[in-house]
>>> print(open('data.tsv').read())   # TSV, C-alpha atoms and all ligand atoms
chain	number	residue	atom	x	y	z
A	19	MET	CA	76.27	103.56	77.75
A	20	THR	CA	73.95	104.75	75.05
A	21	ARG	CA	73.43	108.22	73.68
A	22	PRO	CA	75.31	110.94	75.58
A	23	ARG	CA	72.84	113.12	77.48
A	24	ILE	CA	72.91	116.88	76.98
A	25	THR	CA	72.77	118.94	80.18
A	26	ARG	CA	72.95	122.62	81.06
A	27	SER	CA	73.68	121.93	84.72
A	28	ILE	CA	77.24	122.91	85.67
A	29	GLU	CA	76.68	121.27	89.10
A	30	GLU	CA	75.94	117.94	87.47
A	31	VAL	CA	79.09	118.20	85.36
A	32	ILE	CA	81.25	119.16	88.35
A	33	ALA	CA	80.00	116.06	90.18
A	34	ALA	CA	80.67	113.79	87.18
A	35	LEU	CA	84.20	115.16	86.70
A	36	ARG	CA	84.95	114.81	90.42
A	37	ASP	CA	83.71	111.24	90.12
A	38	GLY	CA	86.40	110.56	87.49
A	39	GLN	CA	84.20	110.66	84.39
A	40	VAL	CA	85.00	112.39	81.11
A	41	VAL	CA	82.46	115.00	80.04
A	42	ALA	CA	82.26	117.03	76.83
A	43	ILE	CA	82.31	120.77	77.53
A	44	PRO	CA	81.88	123.89	75.40
A	45	THR	CA	84.68	126.34	74.63
A	46	GLU	CA	84.67	129.31	72.28
A	47	THR	CA	86.70	127.33	69.70
A	48	VAL	CA	85.29	123.79	69.64
A	49	TYR	CA	83.84	121.36	72.20
A	50	GLY	CA	86.41	119.60	74.38
A	51	LEU	CA	86.45	116.14	75.97
A	52	ALA	CA	87.32	117.05	79.55
A	53	ALA	CA	88.74	115.23	82.56
A	54	ASP	CA	90.11	116.38	85.91
A	55	ALA	CA	93.82	116.98	85.24
A	56	THR	CA	94.72	115.42	88.60
A	57	ASN	CA	92.87	112.13	88.00
A	58	GLU	CA	95.05	109.75	85.96
A	59	CYS	CA	92.32	107.15	85.41
A	60	ALA	CA	90.07	109.86	83.98
A	61	LEU	CA	92.93	111.12	81.79
A	62	GLU	CA	93.44	107.60	80.41
A	63	LEU	CA	89.75	107.49	79.64
A	64	ILE	CA	90.04	110.56	77.38
A	65	TYR	CA	92.40	108.68	75.04
A	66	GLU	CA	90.07	105.68	75.04
A	67	VAL	CA	86.87	107.60	74.35
A	68	LYS	CA	88.52	109.63	71.59
A	69	GLY	CA	90.41	106.66	70.12
A	70	ARG	CA	93.57	108.76	70.21
A	71	PRO	CA	97.14	107.39	70.35
A	72	ARG	CA	98.81	107.91	73.73
A	73	ARG	CA	101.72	109.80	72.14
A	74	ASN	CA	99.53	112.82	71.29
A	75	PRO	CA	99.44	115.15	74.34
A	76	LEU	CA	96.47	117.08	75.78
A	77	ILE	CA	95.82	120.78	76.43
A	78	VAL	CA	95.06	121.74	80.05
A	79	HIS	CA	92.43	124.45	80.52
A	80	PHE	CA	92.39	126.86	83.46
A	81	ALA	CA	90.15	129.59	84.89
A	82	SER	CA	92.96	132.15	85.03
A	83	LYS	CA	96.52	132.71	83.92
A	84	GLU	CA	97.73	132.63	87.52
A	85	LEU	CA	96.43	129.06	87.78
A	86	ALA	CA	97.80	128.13	84.34
A	87	TRP	CA	101.31	129.31	85.32
A	88	LYS	CA	101.28	126.87	88.24
A	89	ALA	CA	101.50	124.05	85.67
A	90	GLY	CA	104.78	125.49	84.36
A	91	SER	CA	108.28	125.19	85.82
A	92	GLU	CA	109.33	128.48	84.22
A	93	ILE	CA	107.19	131.02	82.42
A	94	PRO	CA	109.00	132.73	79.53
A	95	ASP	CA	108.39	136.40	78.94
A	96	THR	CA	106.90	135.58	75.52
A	97	ALA	CA	104.25	133.39	77.15
A	98	ARG	CA	103.38	136.10	79.68
A	99	ARG	CA	103.00	138.74	77.02
A	100	LEU	CA	100.82	136.57	74.81
A	101	ALA	CA	98.67	135.51	77.77
A	102	ASN	CA	98.24	139.12	78.93
A	103	ARG	CA	97.08	140.09	75.47
A	104	PHE	CA	94.95	137.11	74.39
A	105	TRP	CA	93.65	135.25	77.49
A	106	PRO	CA	90.94	134.39	78.10
A	107	GLY	CA	90.78	133.40	74.45
A	108	PRO	CA	91.60	130.99	71.60
A	109	LEU	CA	95.34	130.71	72.24
A	110	THR	CA	97.28	127.71	73.60
A	111	LEU	CA	100.81	128.17	74.94
A	112	ILE	CA	103.44	125.45	75.27
A	113	ILE	CA	105.67	125.90	78.33
A	114	ARG	CA	108.01	123.66	80.35
A	115	LYS	CA	105.99	121.57	82.75
A	116	GLN	CA	106.00	121.50	86.50
A	117	ALA	CA	106.85	118.08	87.99
A	118	ALA	CA	103.30	117.48	89.26
A	119	VAL	CA	101.72	117.64	85.77
A	120	SER	CA	100.81	114.06	84.81
A	121	PRO	CA	102.84	112.42	82.01
A	122	ILE	CA	99.51	111.13	80.70
A	123	ILE	CA	98.64	114.75	79.84
A	124	THR	CA	101.99	115.51	78.24
A	125	ALA	CA	102.57	112.12	76.59
A	126	GLY	CA	105.78	111.87	78.57
A	127	GLN	CA	107.19	115.17	77.32
A	128	GLU	CA	108.75	117.87	79.46
A	129	THR	CA	106.38	120.53	78.11
A	130	VAL	CA	102.69	121.19	78.70
A	131	ALA	CA	100.03	122.97	76.62
A	132	VAL	CA	97.93	125.46	78.63
A	133	ARG	CA	94.96	127.65	77.74
A	134	VAL	CA	92.42	129.92	79.44
A	135	PRO	CA	89.28	129.74	77.28
A	136	SER	CA	86.85	132.66	77.06
A	137	HIS	CA	83.56	130.73	76.94
A	138	PRO	CA	81.61	131.84	80.05
A	139	VAL	CA	80.31	128.33	80.81
A	140	ALA	CA	83.82	126.86	80.52
A	141	LEU	CA	85.24	129.58	82.78
A	142	GLU	CA	82.52	129.01	85.37
A	143	LEU	CA	83.21	125.26	85.39
A	144	LEU	CA	86.99	125.72	85.52
A	145	LYS	CA	86.73	127.74	88.73
A	146	PHE	CA	85.97	124.43	90.45
A	147	PHE	CA	89.14	122.78	89.08
A	148	PRO	CA	92.10	124.93	90.09
A	149	ARG	CA	94.55	122.34	88.72
A	150	GLY	CA	92.75	122.41	85.42
A	151	LEU	CA	90.72	120.27	83.05
A	152	ALA	CA	92.61	118.40	80.35
A	153	ALA	CA	90.65	118.35	77.10
A	154	PRO	CA	91.31	117.54	73.46
A	155	SER	CA	88.65	118.37	70.88
A	156	ALA	CA	85.60	116.14	71.49
A	157	ASN	CA	85.68	114.30	68.15
A	158	ARG	CA	86.84	110.77	67.35
A	159	TYR	CA	90.52	110.77	66.40
A	160	THR	CA	91.20	112.22	62.89
A	161	LYS	CA	87.59	113.39	62.47
A	162	VAL	CA	86.06	116.87	62.28
A	163	SER	CA	85.89	118.81	65.59
A	164	PRO	CA	82.41	119.37	67.10
A	165	THR	CA	81.06	122.91	67.35
A	166	THR	CA	77.67	122.06	68.93
A	167	ALA	CA	76.55	119.70	71.71
A	168	GLU	CA	74.59	117.74	69.08
A	169	HIS	CA	77.79	117.14	67.06
A	170	VAL	CA	79.36	115.59	70.16
A	171	VAL	CA	76.35	113.34	70.74
A	172	LYS	CA	76.59	112.08	67.17
A	173	ASP	CA	80.36	111.51	67.29
A	174	LEU	CA	80.63	109.87	70.69
A	175	GLU	CA	77.42	107.87	70.89
A	176	GLY	CA	78.04	104.77	72.99
A	177	ARG	CA	81.34	106.12	74.31
A	178	LEU	CA	80.33	109.03	76.56
A	179	ASP	CA	77.58	109.82	79.11
A	180	LEU	CA	77.35	113.57	79.38
A	181	VAL	CA	77.70	116.76	77.29
A	182	LEU	CA	77.55	120.22	78.84
A	183	ASP	CA	75.63	122.41	76.40
A	184	GLY	CA	77.03	125.91	75.89
A	185	GLY	CA	75.46	126.58	72.49
A	186	ALA	CA	77.26	126.80	69.15
A	187	CYS	CA	80.96	127.70	69.41
A	188	ALA	CA	81.58	131.35	68.51
A	189	ILE	CA	84.91	130.74	66.75
A	190	GLY	CA	84.43	127.27	65.27
A	191	ILE	CA	88.04	126.18	64.70
A	192	GLU	CA	90.67	125.13	67.23
A	193	SER	CA	92.96	127.52	69.13
A	194	THR	CA	96.21	128.95	67.78
A	195	ILE	CA	99.11	127.00	69.39
A	196	VAL	CA	102.44	128.72	70.13
A	197	ASP	CA	105.49	126.95	71.52
A	198	CYS	CA	107.13	129.39	73.94
A	199	THR	CA	109.87	127.06	75.18
A	200	GLN	CA	112.52	128.43	72.78
A	201	PRO	CA	113.82	132.03	72.63
A	202	GLN	CA	112.04	132.35	69.30
A	203	PRO	CA	108.36	131.41	69.58
A	204	VAL	CA	107.05	128.84	67.10
A	205	LEU	CA	103.53	128.64	65.71
A	206	LEU	CA	102.48	124.97	65.83
A	207	ARG	CA	98.88	125.39	64.70
A	208	PRO	CA	97.33	128.45	63.02
A	209	GLY	CA	94.01	129.62	64.45
A	210	TYR	CA	91.77	132.59	65.03
A	211	ILE	CA	94.65	134.59	66.52
A	212	THR	CA	96.90	135.33	63.56
A	213	VAL	CA	100.69	135.39	63.18
A	214	GLU	CA	100.46	139.13	62.57
A	215	GLU	CA	98.74	139.63	65.94
A	216	LEU	CA	101.29	137.41	67.71
A	217	GLU	CA	104.22	139.27	66.16
A	218	GLN	CA	102.70	142.64	66.91
A	219	THR	CA	102.31	141.69	70.57
A	220	LEU	CA	105.82	140.25	70.89
A	221	GLY	CA	107.73	142.60	68.61
A	222	ILE	CA	109.71	139.64	67.21
A	223	PRO	CA	109.07	137.23	64.33
A	224	VAL	CA	107.14	134.01	64.98
A	225	MET	CA	108.33	130.94	63.08
A	226	PHE	CA	105.88	128.43	61.62
A	227	ARG	CA	106.46	124.71	61.90
A	228	ASN	CA	103.66	122.68	60.44
A	229	VAL	CA	105.49	119.41	59.84
A	230	GLY	CA	108.65	117.77	61.12
A	231	GLY	CA	109.38	117.01	64.73
A	232	THR	CA	107.03	114.86	66.72
A	233	LEU	CA	105.45	117.78	68.53
A	234	SER	CA	103.50	119.42	65.74
A	235	PRO	CA	99.80	118.80	66.01
A	236	GLY	CA	97.77	117.52	63.14
A	237	GLN	CA	100.59	116.06	61.10
A	238	HIS	CA	99.19	112.57	60.58
A	239	ALA	CA	98.04	111.87	57.05
A	240	VAL	CA	94.36	112.18	57.85
A	241	HIS	CA	92.98	114.89	60.13
A	242	TYR	CA	89.88	117.03	60.46
A	243	ALA	CA	88.45	114.68	57.89
A	244	PRO	CA	84.85	114.10	56.82
A	245	ASP	CA	83.85	110.81	55.14
A	246	ALA	CA	83.47	112.53	51.77
A	247	LYS	CA	86.50	113.05	49.55
A	248	VAL	CA	87.47	116.74	49.71
A	249	HIS	CA	89.05	118.57	46.77
A	250	LEU	CA	90.48	122.07	47.21
A	251	SER	CA	90.60	124.42	44.28
A	252	GLU	CA	91.57	128.01	43.49
A	253	PRO	CA	88.27	129.84	42.87
A	254	ASP	CA	89.07	130.46	39.18
A	255	LYS	CA	89.91	126.79	38.51
A	256	ILE	CA	86.81	125.37	40.13
A	257	ASP	CA	84.69	125.07	36.98
A	258	HIS	CA	87.43	123.03	35.33
A	259	LEU	CA	87.69	120.71	38.34
A	260	ILE	CA	83.92	120.23	38.47
A	261	ALA	CA	83.81	119.38	34.77
A	262	GLY	CA	86.51	116.73	35.29
A	263	LEU	CA	84.67	115.18	38.23
A	264	ARG	CA	81.39	115.09	36.34
A	265	ASP	CA	83.10	113.39	33.41
A	266	ARG	CA	84.05	110.67	35.88
A	267	GLY	CA	80.41	110.32	36.84
A	268	GLU	CA	80.69	112.11	40.19
A	269	ALA	CA	78.01	114.44	41.57
A	270	PRO	CA	79.99	116.86	43.72
A	271	LEU	CA	78.91	119.34	46.33
A	272	VAL	CA	80.58	122.70	45.65
A	273	ILE	CA	81.31	125.09	48.52
A	274	SER	CA	82.45	128.47	47.18
A	275	ALA	CA	81.76	132.20	47.35
A	276	GLN	CA	81.04	132.64	43.66
A	277	THR	CA	78.40	130.74	41.73
A	278	PRO	CA	80.06	127.88	39.83
A	279	HIS	CA	78.83	126.83	36.40
A	280	LEU	CA	76.35	124.35	37.67
A	281	GLY	CA	75.34	121.24	35.83
A	282	THR	CA	72.38	119.14	36.79
A	283	SER	CA	74.44	116.87	39.03
A	284	VAL	CA	76.14	119.65	41.00
A	285	THR	CA	74.95	121.14	44.30
A	286	TRP	CA	76.25	124.53	45.48
A	287	TRP	CA	76.53	125.90	49.02
A	288	GLN	CA	77.65	129.51	49.21
A	289	ILE	CA	80.55	130.43	51.53
A	290	PRO	CA	79.86	133.57	53.56
A	291	ASP	CA	82.06	136.54	52.57
A	292	ASP	CA	83.17	137.17	56.15
A	293	PRO	CA	86.13	134.83	56.86
A	294	ALA	CA	85.31	134.65	60.58
A	295	GLU	CA	81.81	133.48	59.68
A	296	PHE	CA	83.27	130.90	57.31
A	297	ALA	CA	85.56	129.62	60.11
A	298	ARG	CA	82.57	129.36	62.45
A	299	ARG	CA	80.67	127.24	59.94
A	300	ILE	CA	83.31	125.19	58.14
A	301	TYR	CA	83.10	122.08	60.34
A	302	GLY	CA	79.31	122.28	60.16
A	303	TYR	CA	79.51	122.26	56.35
A	304	LEU	CA	81.76	119.21	56.35
A	305	ARG	CA	79.44	117.36	58.74
A	306	GLU	CA	76.37	118.36	56.77
A	307	ALA	CA	78.02	117.12	53.55
A	308	ASP	CA	78.43	113.69	55.17
A	309	ALA	CA	74.91	113.76	56.61
A	310	VAL	CA	73.39	114.48	53.19
A	311	GLY	CA	75.55	111.70	51.74
A	312	PHE	CA	77.82	113.58	49.32
A	313	LYS	CA	80.79	111.44	48.31
A	314	THR	CA	82.76	114.32	46.78
A	315	VAL	CA	83.10	117.90	48.00
A	316	VAL	CA	84.86	120.69	46.12
A	317	ILE	CA	85.85	123.69	48.24
A	318	ALA	CA	87.22	127.01	46.99
A	319	THR	CA	90.45	127.94	48.81
A	320	PRO	CA	89.95	130.97	51.04
A	321	ASN	CA	91.98	134.15	50.87
A	322	GLN	CA	94.99	133.53	53.13
A	323	ASP	CA	94.88	136.78	55.10
A	324	GLY	CA	94.15	136.71	58.83
A	325	ILE	CA	92.08	133.72	59.86
A	326	GLY	CA	92.08	132.49	56.23
A	327	ARG	CA	95.40	130.80	56.95
A	328	ALA	CA	93.86	128.69	59.71
A	329	ILE	CA	90.86	127.79	57.54
A	330	LEU	CA	93.17	126.73	54.71
A	331	ASP	CA	95.25	124.65	57.16
A	332	ARG	CA	92.15	122.68	58.22
A	333	LEU	CA	90.86	122.31	54.67
A	334	GLU	CA	94.22	121.02	53.43
A	335	LYS	CA	94.17	118.39	56.15
A	336	ALA	CA	90.57	117.48	55.36
A	337	ALA	CA	91.59	117.10	51.70
A	338	GLN	CA	94.20	114.49	52.63
A	339	SER	CA	91.36	112.18	53.61
A	340	PRO	CA	90.94	109.22	51.27
A	341	GLY	CA	87.14	109.42	51.59
A	342	THR	CA	85.09	106.31	52.23
A	343	THR	CA	84.22	105.44	48.67
A	401	LIG	O1	90.73	125.01	70.67
A	401	LIG	C1	91.35	124.05	71.13
A	401	LIG	O2	92.59	124.04	71.27
A	401	LIG	C2	90.54	122.82	71.56
A	401	LIG	C3	89.65	123.22	72.75
A	401	LIG	C4	88.88	122.06	73.31
A	401	LIG	O3	90.45	123.83	73.73
A	401	LIG	N1	91.38	121.72	71.88
A	401	LIG	C5	92.07	121.02	70.94
A	401	LIG	O4	92.79	119.96	71.47
A	401	LIG	O5	92.06	121.31	69.76
A	401	LIG	P1	93.42	118.81	70.56
A	401	LIG	O6	93.98	117.83	71.51
A	401	LIG	O7	92.42	118.32	69.60
A	401	LIG	O8	94.59	119.55	69.83
A	401	LIG	C6	95.68	120.02	70.60
A	401	LIG	C7	96.97	119.77	69.90
A	401	LIG	C8	97.25	118.29	69.72
A	401	LIG	O9	97.43	118.02	68.34
A	401	LIG	C9	98.55	118.06	70.47
A	401	LIG	O10	99.45	117.27	69.73
A	401	LIG	C10	99.10	119.45	70.70
A	401	LIG	O11	98.00	120.29	70.76
A	401	LIG	N2	99.83	119.51	71.96
A	401	LIG	C11	99.36	119.28	73.21
A	401	LIG	N3	100.35	119.36	74.11
A	401	LIG	C12	101.47	119.66	73.43
A	401	LIG	C13	102.84	119.87	73.80
A	401	LIG	N4	103.25	119.77	75.05
A	401	LIG	N5	103.71	120.15	72.80
A	401	LIG	C14	103.32	120.25	71.51
A	401	LIG	N6	102.05	120.06	71.10
A	401	LIG	C15	101.14	119.76	72.05
A	402	MG	MG	91.65	117.88	67.77
>>> encode(input="data.tsv", output="structure tokens")
Amino acid sequence: MTRPRITRSIEEVIAALRDGQVVAIPTETVYGLAADATNECALELIYEVKGRPRRNPLIVHFASKELAWKAGSEIPDTARRLANRFWPGPLTLIIRKQAAVSPIITAGQETVAVRVPSHPVALELLKFFPRGLAAPSANRYTKVSPTTAEHVVKDLEGRLDLVLDGGACAIGIESTIVDCTQPQPVLLRPGYITVEELEQTLGIPVMFRNVGGTLSPGQHAVHYAPDAKVHLSEPDKIDHLIAGLRDRGEAPLVISAQTPHLGTSVTWWQIPDDPAEFARRIYGYLREADAVGFKTVVIATPNQDGIGRAILDRLEKAAQSPGTT
């Protein structure tokens, strides 16, 4: 295995998946590392290629909600209402699993994560897999999720054969995850679909559980992490932080909306004003920072309204990275 090959042929990808291979596929959020949900050898391979611990379960993707519900033993009203409102789209629902769903997908749990993505190429492909395609994000474990086919090639060189190219992901950060197995739904991962939208649809409050309990995604110390050390700062404290870093001889990259007070050793990339645009580009920025070779990145915390909460969630996890230097 050498460099993964990029293809636009859905037929080729169908054949590879039927043959038990794992293939990276586009979705509207991020690229996924897909395998036929009924093929246990292929499911095992996902964990190997990604370098992910077996205790961290996978999301199963379907072409329609009718097919997704077949993976569940009971479908709560909350799940139905959210699916009716937001599918196809960037929302993952946790429901109780049907007996036939492989324990390799669910990491031995009694629940399963299901999603109907809205990317047209993903939907077309999924029509050929009525029992679904299991797919985590197509990055190495703890690293930044890929939002282009080229990102996948770079991340999984030597570990994967094929990437289905569907262009740059329109949303750019992972789906919102809601646990619907309890009477009160619980937000496990913020995303493009906001708590306000969830609550409006359900007419009841949605709890947030970011840490605690083994089910919450992304709770390991390092996650969504570039190689560079990431510092987060309130926009009005950024100049102070930069000054401190420069005193220590560092030459940071600054990613912010407003122009910082630049010294000679500081580089500035401007954040777009539109939060959705920022979400779409954030993983690209982190990758680019590594590619250019920055050791230190300072990022201004976004406004926490709407999708800002999901962006902040990913940036806080990126900032827990020790960096490589
Ligand atoms: O946007 C997305 O959700 C992308 C695209 C490819 O669909 N997928 C994605 O998958 O982000 P992954 O595996 O990187 O993140 C899914 C998270 C994992 O952290 C996992 O722990 C959690 O969902 N998860 C999966 N099944 C679960 C379950 N039954 N209960 C609780 N959490 C679950
Ligand atoms: Mg992931």
>>> residues_around(input="data.tsv", residues="Arg36 in chain A", least_positions_apart="4", cutoff="9 Å", atoms="all atoms listed in the file", output="VMD selection string")
chain A and resid 31 to 32 53 to 54 57
>>> closest_residue(input="data.tsv", among="A:Glu128, A:Asp331, A:Asp254, A:Asp323", to="ligand LIG 401 (chain A)", atoms="all atoms listed in the file")
A:Glu128
>>> closest_residue(input="data.tsv", among="A:Leu174, A:Val213, A:Leu304, A:Val119", to="Ala89 in chain A", atoms="all atoms listed in the file")
A:Val119
>>> residues_near_ligand(input="data.tsv", ligand="ligand MG 402 (chain A)", cutoff="8 Å", atoms="only C-alpha atoms and all ligand atoms", output="list in words")
Pro154, Ser155, Ala156, Asn157, Tyr159, Thr160, Val162, Ser163, Glu192, Gly236 and Tyr242 of chain A
>>> residues_near_ligand(input="data.tsv", ligand="ligand LIG 401 (chain A)", cutoff="6 Å", atoms="only C-alpha atoms and all ligand atoms", output="CSV table (one decimal) with C-alpha atoms, keeping the file's coordinate frame")
chain,number,residue,atom,x,y,z
A,47,THR,CA,86.7,127.3,69.7
A,48,VAL,CA,85.3,123.8,69.6
A,49,TYR,CA,83.8,121.4,72.2
A,50,GLY,CA,86.4,119.6,74.4
A,74,ASN,CA,99.5,112.8,71.3
A,75,PRO,CA,99.4,115.2,74.3
A,76,LEU,CA,96.5,117.1,75.8
A,77,ILE,CA,95.8,120.8,76.4
A,112,ILE,CA,103.4,125.4,75.3
A,124,THR,CA,102.0,115.5,78.2
A,129,THR,CA,106.4,120.5,78.1
A,130,VAL,CA,102.7,121.2,78.7
A,131,ALA,CA,100.0,123.0,76.6
A,153,ALA,CA,90.6,118.4,77.1
A,154,PRO,CA,91.3,117.5,73.5
A,155,SER,CA,88.6,118.4,70.9
A,192,GLU,CA,90.7,125.1,67.2
A,193,SER,CA,93.0,127.5,69.1
A,233,LEU,CA,105.4,117.8,68.5
A,234,SER,CA,103.5,119.4,65.7
A,235,PRO,CA,99.8,118.8,66.0
A,236,GLY,CA,97.8,117.5,63.1
>>> residues_around(input="data.tsv", residues="Leu141 in chain A", least_positions_apart="6", cutoff="8 Å", atoms="all atoms listed in the file", output="short mmCIF file (atom, residue, chain, number, x, y, z; two decimals) with C-alpha atoms, keeping the file's coordinate frame")
data_model
loop_
_atom_site.label_atom_id
_atom_site.label_comp_id
_atom_site.auth_asym_id
_atom_site.auth_seq_id
_atom_site.Cartn_x
_atom_site.Cartn_y
_atom_site.Cartn_z
CA PHE A 80 92.39 126.86 83.46
CA ALA A 81 90.15 129.59 84.89
CA VAL A 134 92.42 129.92 79.44
CA PRO A 135 89.28 129.74 77.28
#
>>> residues_around(input="data.tsv", residues="Thr314 in chain A", least_positions_apart="4", cutoff="7 Å", atoms="all atoms listed in the file", output="list in words")
Ala246, Lys247, Val248, Pro270 and Leu271 of chain A
>>> residues_near_point(input="data.tsv", point="(78.1, 120.0, 87.2)", cutoff="12 Å", atoms="all atoms listed in the file", output="number ranges by chain")
A: 24-37, 39-43, 139-140, 142-147, 180-183
>>> residues_around(input="data.tsv", residues="His79 in chain A", least_positions_apart="4", cutoff="7 Å", atoms="all atoms listed in the file", output="list in words")
Val132, Arg133, Val134, Pro135, Gly150, Leu151 and Ala152 of chain A
>>> closest_residue(input="data.tsv", among="A:Leu51, A:Leu250, A:Val310, A:Ala297", to="Cys187 in chain A", atoms="all atoms listed in the file")
A:Ala297
>>> atom_distance(input="data.tsv", atom1="CA of Leu220 in chain A", atom2="CA of Ser82 in chain A")
20.8 Å
>>> residues_around(input="data.tsv", residues="Leu216 in chain A", least_positions_apart="3", cutoff="10 Å", atoms="all atoms listed in the file", output="list in words")
Thr96, Arg99, Leu100, Arg103, Phe104, Thr194, Val196, Pro203, Leu205, Ile211, Thr212, Val213, Thr219, Leu220, Gly221, Ile222, Pro223 and Val224 of chain A
>>> atom_distance(input="data.tsv", atom1="CA of Thr45 in chain A", atom2="CA of Val272 in chain A")
29.5 Å
>>> atom_distance(input="data.tsv", atom1="CA of Glu175 in chain A", atom2="CA of Lys161 in chain A")
14.3 Å
>>> build_atoms(input="data.tsv", residues="range 31-37 of chain A", atoms="all heavy atoms", output="short mmCIF file (atom, residue, chain, number, x, y, z; two decimals), in the coordinates of the input")
data_model
loop_
_atom_site.label_atom_id
_atom_site.label_comp_id
_atom_site.auth_asym_id
_atom_site.auth_seq_id
_atom_site.Cartn_x
_atom_site.Cartn_y
_atom_site.Cartn_z
N VAL A 31 77.82 118.47 86.05
CA VAL A 31 79.09 118.20 85.36
C VAL A 31 80.26 118.22 86.35
O VAL A 31 81.17 117.39 86.27
CB VAL A 31 79.29 119.21 84.20
CG1 VAL A 31 80.69 119.11 83.62
CG2 VAL A 31 78.24 118.96 83.12
N ILE A 32 80.22 119.14 87.31
CA ILE A 32 81.25 119.16 88.35
C ILE A 32 81.27 117.81 89.07
O ILE A 32 82.33 117.20 89.26
CB ILE A 32 80.99 120.30 89.36
CG1 ILE A 32 81.16 121.65 88.69
CG2 ILE A 32 81.92 120.18 90.58
CD1 ILE A 32 80.61 122.82 89.51
N ALA A 33 80.09 117.33 89.44
CA ALA A 33 80.00 116.06 90.18
C ALA A 33 80.55 114.91 89.32
O ALA A 33 81.32 114.06 89.82
CB ALA A 33 78.55 115.79 90.58
N ALA A 34 80.20 114.88 88.06
CA ALA A 34 80.67 113.79 87.18
C ALA A 34 82.18 113.84 87.03
O ALA A 34 82.86 112.80 87.09
CB ALA A 34 79.99 113.91 85.81
N LEU A 35 82.75 115.03 86.85
CA LEU A 35 84.20 115.16 86.70
C LEU A 35 84.91 114.77 87.99
O LEU A 35 85.94 114.11 87.96
CB LEU A 35 84.56 116.60 86.29
CG LEU A 35 84.18 116.99 84.86
CD1 LEU A 35 84.26 118.51 84.66
CD2 LEU A 35 85.07 116.28 83.83
N ARG A 36 84.33 115.17 89.12
CA ARG A 36 84.95 114.81 90.42
C ARG A 36 84.90 113.31 90.63
O ARG A 36 85.72 112.73 91.32
CB ARG A 36 84.24 115.53 91.56
CG ARG A 36 84.66 116.99 91.60
CD ARG A 36 84.23 117.66 92.90
NE ARG A 36 84.78 119.00 92.97
CZ ARG A 36 84.14 120.06 93.46
NH1 ARG A 36 82.91 119.93 93.95
NH2 ARG A 36 84.73 121.22 93.49
N ASP A 37 83.90 112.68 90.02
CA ASP A 37 83.71 111.24 90.12
C ASP A 37 84.64 110.47 89.16
O ASP A 37 84.61 109.25 89.08
CB ASP A 37 82.23 110.96 89.79
CG ASP A 37 81.84 109.53 90.02
OD1 ASP A 37 82.28 108.97 91.05
OD2 ASP A 37 81.13 108.96 89.16
#
